[in-house]
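Remarks on the structure that follows.
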Amino acid sequence: LSVVAQTLEVQEEPGSRLGDSLAAALAGKRALVLLDNVEHLLPHATDEIAALGPPPGCVALVTSRERLQVQGEQVYPVPTLEESDGIELFFARARALDPAFAGDGAVAQLCARLDNLPLALELAAARTVVFSPGELLERLTHRLDLLKAGRHADPRQQTLRATIEWSYDLLDEEEQRLFRSVSVFVGGWTYETAEEICDADPDTLQSLLDKSLIRRRDTELGSRYWMLETIREYAGERLDEAGEAEDLSHAHAAHYAQQAVELYPSLREYAPKTAAIVREELGNMRAALDFALGRDHPVIAGDLIHCLWFYWLTRGSGREAAGWARRYLDSARERLSPVERLPGDSGVAEILRFTGDPDTAATLKREL
């Protein structure tokens with residue numbers, strides 16, 4: 001409050017609280033008090049803002065990465081940019097460096113991959129001096145460090161890593177743990193799944209939502225939570241550094257393999273709700289399958305392939321299905337007993353039967 005008072009040229013009166021002096025000075029006036037980036041001052045700043053009032057006619061506009069949780073607060077979430085606005089911002093920043101910048105066909109895709117985050121777009125535009133948008137797109141696996149601001153930028157906004165790290169460092173230990181853990185999901189998750197795999201609880205999940213590190217959307221199947229890919233990349237790095245990635249990925253793969261097994265009978269009956277669930281969870285199931293094949297868990301991989309082959313082939317994804325089938329055949333399945341191989345080999349046989357390799361499909365079927 002002392003900074004606010006100094007800015008408003010209000011003197012502290014002996015025997016009175018500073019908040020009361022400010023309220024008296026603002027009383028009867030139409031004033032806008034702007035407090036920018038207060039997240040690193042919470043929760044202490046919350047008490048001072050509440051003490052300020054503000055009095056009638058005065059509005060306090062506070063920007064923060066989390067809500068204040070004070071009485072009378074009206075929250076206005078700031079979303080990422082719309083696609084057209086993101087592209088416009090990218091071109092504006094790139095042309096500030098090179099007025100002749102014309103871009104290429106990759107600009108829209110680049111902006112989408114950067115989640116249309118204004119800071120990310122500005123940092124990417126700064127790199128157009130060196131790389132074309134298409135070349136930047138190819139290098140986005142290193143986006144956290146590749147995209148850098150100029151020498152006069154705030155240190156917290158020099159790189160995407162610095163910006164996200166600023167928010168991460170403000171989290172308490174349990175918030176950091178859950179933030180890292182949910183990076184294992186691809187394309188979103190339900191609360192029940194996060195509770196099972198990541199030991200999530202409502203209070204910590206809500207705190208991460210309040211801090212805009214995760215987001216929620218409503219679907220026909222209920223609430224789903226998700227992360228912007230830029231933030232998820234950072235969280236995934238932290239998960240690796242903490243030595244937690246292997247166990248969580250295994251739990252994640254086992255969960256989605258079991259879910260696929262449970263969904264398979266109704267999926268074969270063309271149940272619309274089941275198809276909608278698989279559509280929502282397909283990113284997670286792909287990640288689970290990739291992990292299982294990469295870490296020699298052929299039983300998990302076999303269950304997923306057996307339960308997904310029908311979904312893939314009835315939705316025109318035969319090429320993707322064939323790719324997974326070949327990876328499965330090259331995996332550690334030979335170490336499994338004939339009974340353990342049954343689900344995976346059965347699913348692979350169906351995939352190959354319909355994607356141009358009937359001979360291998362027939363061989364597998366004879367061995368079943």
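Ordering of the structure tokens sets the chain letters (A, B, ...), residue numbers begin anew at 1 in every chain, and ligands are numbered from 1 in the order given.
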task = Determine, counting only C-alpha atoms, which protein, DNA and RNA residues have an atom within 6 Å of an atom of stretch 223-240 of chain A; residues of the same chain fewer than 2 positions away are not included. Present the result as a ChimeraX atom specification.
result = /A:180,183,188-190,214-218,242-245
Print the selection's residues with N, CA and C atoms to a file, as a short mmCIF file (atom, residue, chain, number, x, y, z; two decimals), in the first residue's frame.
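Full text of selection_20.cif as output:
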```cif
data_model
loop_
_atom_site.label_atom_id
_atom_site.label_comp_id
_atom_site.auth_asym_id
_atom_site.auth_seq_id
_atom_site.Cartn_x
_atom_site.Cartn_y
_atom_site.Cartn_z
N ARG A 180 3.93 -31.30 -12.52
CA ARG A 180 4.82 -32.21 -13.27
C ARG A 180 4.07 -33.46 -13.72
N SER A 183 1.69 -33.77 -16.82
CA SER A 183 2.30 -33.66 -18.15
C SER A 183 2.34 -35.00 -18.86
N GLY A 188 -5.41 -34.08 -22.85
CA GLY A 188 -6.35 -33.84 -21.78
C GLY A 188 -6.60 -35.07 -20.92
N TRP A 189 -7.35 -34.85 -19.84
CA TRP A 189 -7.62 -35.94 -18.91
C TRP A 189 -8.84 -35.61 -18.08
N THR A 190 -9.40 -36.62 -17.42
CA THR A 190 -10.50 -36.41 -16.50
C THR A 190 -9.95 -36.33 -15.08
N ILE A 214 -3.05 -25.06 -15.83
CA ILE A 214 -3.87 -26.04 -16.53
C ILE A 214 -5.20 -25.37 -16.83
N ARG A 215 -5.97 -25.98 -17.72
CA ARG A 215 -7.24 -25.40 -18.14
C ARG A 215 -8.32 -26.47 -18.14
N ARG A 216 -9.55 -26.02 -18.12
CA ARG A 216 -10.68 -26.94 -18.11
C ARG A 216 -11.62 -26.61 -19.26
N ARG A 217 -12.20 -27.63 -19.87
CA ARG A 217 -13.22 -27.43 -20.88
C ARG A 217 -14.33 -28.44 -20.65
N ASP A 218 -15.53 -28.06 -21.01
CA ASP A 218 -16.69 -28.95 -20.88
C ASP A 218 -16.89 -29.71 -22.17
N ALA A 242 12.92 -34.97 -12.09
CA ALA A 242 12.56 -35.49 -10.77
C ALA A 242 12.64 -37.01 -10.70
N GLY A 243 12.92 -37.67 -11.83
CA GLY A 243 13.02 -39.12 -11.85
C GLY A 243 11.67 -39.81 -11.72
N GLU A 244 10.60 -39.12 -12.08
CA GLU A 244 9.26 -39.66 -11.89
C GLU A 244 8.61 -40.11 -13.20
N ALA A 245 9.25 -39.85 -14.32
CA ALA A 245 8.60 -40.07 -15.61
C ALA A 245 8.34 -41.54 -15.90
#
```
task = Enumerate as a ChimeraX atom specification all residues of stretch 105-347 of chain A assigned to helix (DSSP H, G or I) by DSSP on the backbone, naming them with the chain letters and numbers the document uses.
result = /A:107-113,118-129,133-138,140-146,155-157,160-169,173-184,191-198,202-210,229-241,245-268,272-294,298-314,318-329,332-335,338-347
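Every protein or nucleic acid residue with an atom no more than 7 Å from stretch 62-72 of chain A, counting only C-alpha atoms and leaving out same-chain residues fewer than 5 positions away, appears here: A:Leu34, A:Leu35, A:Asp36, A:Asn37, A:Val38, A:Glu39, A:Thr46, A:Ala50, A:Asp210, A:Lys211, A:Ser212.
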Output of the above residues as a compact mmCIF listing (two decimals), in the first residue's frame, restricted to N, CA and C atoms:
```txt
# COMPACT_ATOMS: atom_id res chain seq x y z
N LEU A 34 -4.50 0.55 -11.11
CA LEU A 34 -4.01 -0.61 -11.84
C LEU A 34 -2.81 -1.20 -11.12
N LEU A 35 -2.93 -2.47 -10.76
CA LEU A 35 -1.85 -3.20 -10.09
C LEU A 35 -1.48 -4.36 -10.99
N ASP A 36 -0.29 -4.30 -11.55
CA ASP A 36 0.11 -5.25 -12.59
C ASP A 36 1.06 -6.31 -12.03
N ASN A 37 0.78 -7.58 -12.39
CA ASN A 37 1.64 -8.72 -12.03
C ASN A 37 1.85 -8.85 -10.52
N VAL A 38 0.79 -9.12 -9.82
CA VAL A 38 0.92 -9.20 -8.35
C VAL A 38 1.14 -10.64 -7.86
N GLU A 39 1.21 -11.62 -8.79
CA GLU A 39 1.21 -13.02 -8.33
C GLU A 39 2.37 -13.34 -7.38
N THR A 46 -3.04 -9.75 -1.20
CA THR A 46 -4.50 -9.89 -1.13
C THR A 46 -5.07 -9.11 0.04
N ALA A 50 -7.54 -5.88 -0.23
CA ALA A 50 -8.82 -5.90 0.47
C ALA A 50 -8.95 -4.71 1.41
N ASP A 210 -6.47 -22.00 -11.08
CA ASP A 210 -6.47 -20.58 -10.73
C ASP A 210 -5.22 -19.88 -11.25
N LYS A 211 -4.11 -20.61 -11.31
CA LYS A 211 -2.84 -20.03 -11.76
C LYS A 211 -2.65 -20.15 -13.27
N SER A 212 -3.68 -20.64 -13.96
CA SER A 212 -3.68 -20.74 -15.43
C SER A 212 -2.61 -21.68 -15.96
```
task = Take atom CA of A:Thr219 and atom CA of A:His306 and report the distance between them in Å, one decimal.
result =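 Interatomic distance here is 27.0 Å.
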Any idea what's packed within 10 Å of A:Asp296, counting only C-alpha atoms, ignoring anything in its chain fewer than 5 positions away? Could you give it as a compact mmCIF listing (two decimals) with N, CA, C and O atoms, in the first residue's frame?
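Once everything was written out, this is around.txt:
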```txt
# COMPACT_ATOMS: atom_id res chain seq x y z
N PHE A 291 4.80 -45.70 -25.47
CA PHE A 291 5.60 -46.04 -24.30
C PHE A 291 5.77 -47.56 -24.17
O PHE A 291 6.88 -48.06 -23.93
N ALA A 301 0.98 -53.23 -24.94
CA ALA A 301 0.87 -52.83 -26.35
C ALA A 301 -0.14 -53.71 -27.07
O ALA A 301 -0.95 -53.23 -27.87
N TYR A 328 4.71 -53.38 -33.42
CA TYR A 328 4.40 -54.46 -32.48
C TYR A 328 5.11 -55.75 -32.88
O TYR A 328 5.68 -56.45 -32.04
N SER A 331 8.58 -55.83 -31.81
CA SER A 331 8.80 -55.63 -30.37
C SER A 331 9.18 -56.94 -29.69
O SER A 331 9.48 -57.94 -30.34
N ALA A 332 9.11 -56.93 -28.37
CA ALA A 332 9.52 -58.10 -27.59
C ALA A 332 8.43 -59.15 -27.47
O ALA A 332 8.44 -59.97 -26.55
N ARG A 333 7.46 -59.17 -28.39
CA ARG A 333 6.35 -60.12 -28.30
C ARG A 333 6.80 -61.57 -28.32
O ARG A 333 6.12 -62.46 -27.79
N ARG A 335 8.94 -62.93 -26.63
CA ARG A 335 9.21 -63.42 -25.28
C ARG A 335 7.92 -63.80 -24.55
O ARG A 335 7.98 -64.34 -23.45
```
Could you make a table, as a tab-separated table, of the residues of stretch 272-331 of chain A that have an atom within 10 Å of an atom of stretch 351-357 of chain A, each with its nearest atom pair and distance in Å to one decimal, counting only C-alpha atoms, in chain and number order?
```
residue	atom	partner	partner_atom	distance
A:Ile305	CA	A:Ile351	CA	9.1
A:His306	CA	A:Ile351	CA	9.4
A:Leu308	CA	A:Ile351	CA	9.8
A:Trp309	CA	A:Ile351	CA	6.2
A:Phe310	CA	A:Ile351	CA	8.3
A:Trp312	CA	A:Ile351	CA	8.8
A:Leu313	CA	A:Ile351	CA	7.4
A:Ser317	CA	A:Thr355	CA	10.0
A:Gly318	CA	A:Thr355	CA	6.2
A:Arg319	CA	A:Thr355	CA	7.5
A:Glu320	CA	A:Ile351	CA	9.9
A:Ala321	CA	A:Ile351	CA	6.5
A:Ala322	CA	A:Ile351	CA	6.3
A:Gly323	CA	A:Ile351	CA	9.7
A:Trp324	CA	A:Ile351	CA	9.4
A:Ala325	CA	A:Ile351	CA	7.1
A:Arg326	CA	A:Leu352	CA	9.1
```
For the residues selected in the previous step, produce a file with C-alpha atoms as a short mmCIF file (atom, residue, chain, number, x, y, z; two decimals), in the first residue's frame.
```
data_model
loop_
_atom_site.label_atom_id
_atom_site.label_comp_id
_atom_site.auth_asym_id
_atom_site.auth_seq_id
_atom_site.Cartn_x
_atom_site.Cartn_y
_atom_site.Cartn_z
CA ILE A 305 -3.72 -52.74 -30.53
CA HIS A 306 -6.33 -55.45 -30.08
CA LEU A 308 -8.07 -50.09 -31.23
CA TRP A 309 -7.76 -51.91 -34.57
CA PHE A 310 -11.52 -51.72 -35.22
CA TRP A 312 -8.72 -47.20 -36.64
CA LEU A 313 -9.96 -49.18 -39.63
CA SER A 317 -6.76 -44.63 -40.22
CA GLY A 318 -5.39 -47.77 -41.83
CA ARG A 319 -1.95 -46.30 -42.45
CA GLU A 320 -1.55 -45.37 -38.77
CA ALA A 321 -2.82 -48.79 -37.73
CA ALA A 322 -0.35 -50.54 -40.04
CA GLY A 323 2.51 -48.52 -38.56
CA TRP A 324 1.63 -49.61 -35.03
CA ALA A 325 1.20 -53.20 -36.22
CA ARG A 326 4.74 -53.29 -37.70
#
```
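Compared by their closest atoms to A:Asn116, and using only C-alpha atoms, the residues A:Glu138, A:Glu246, A:Glu196, A:Glu83 rank with A:Glu83 nearest.
Distance check against A:Val299 using only C-alpha atoms: of A:Ala257, A:Val129, A:Ala361, A:Ala200, the minimum falls on A:Ala257.
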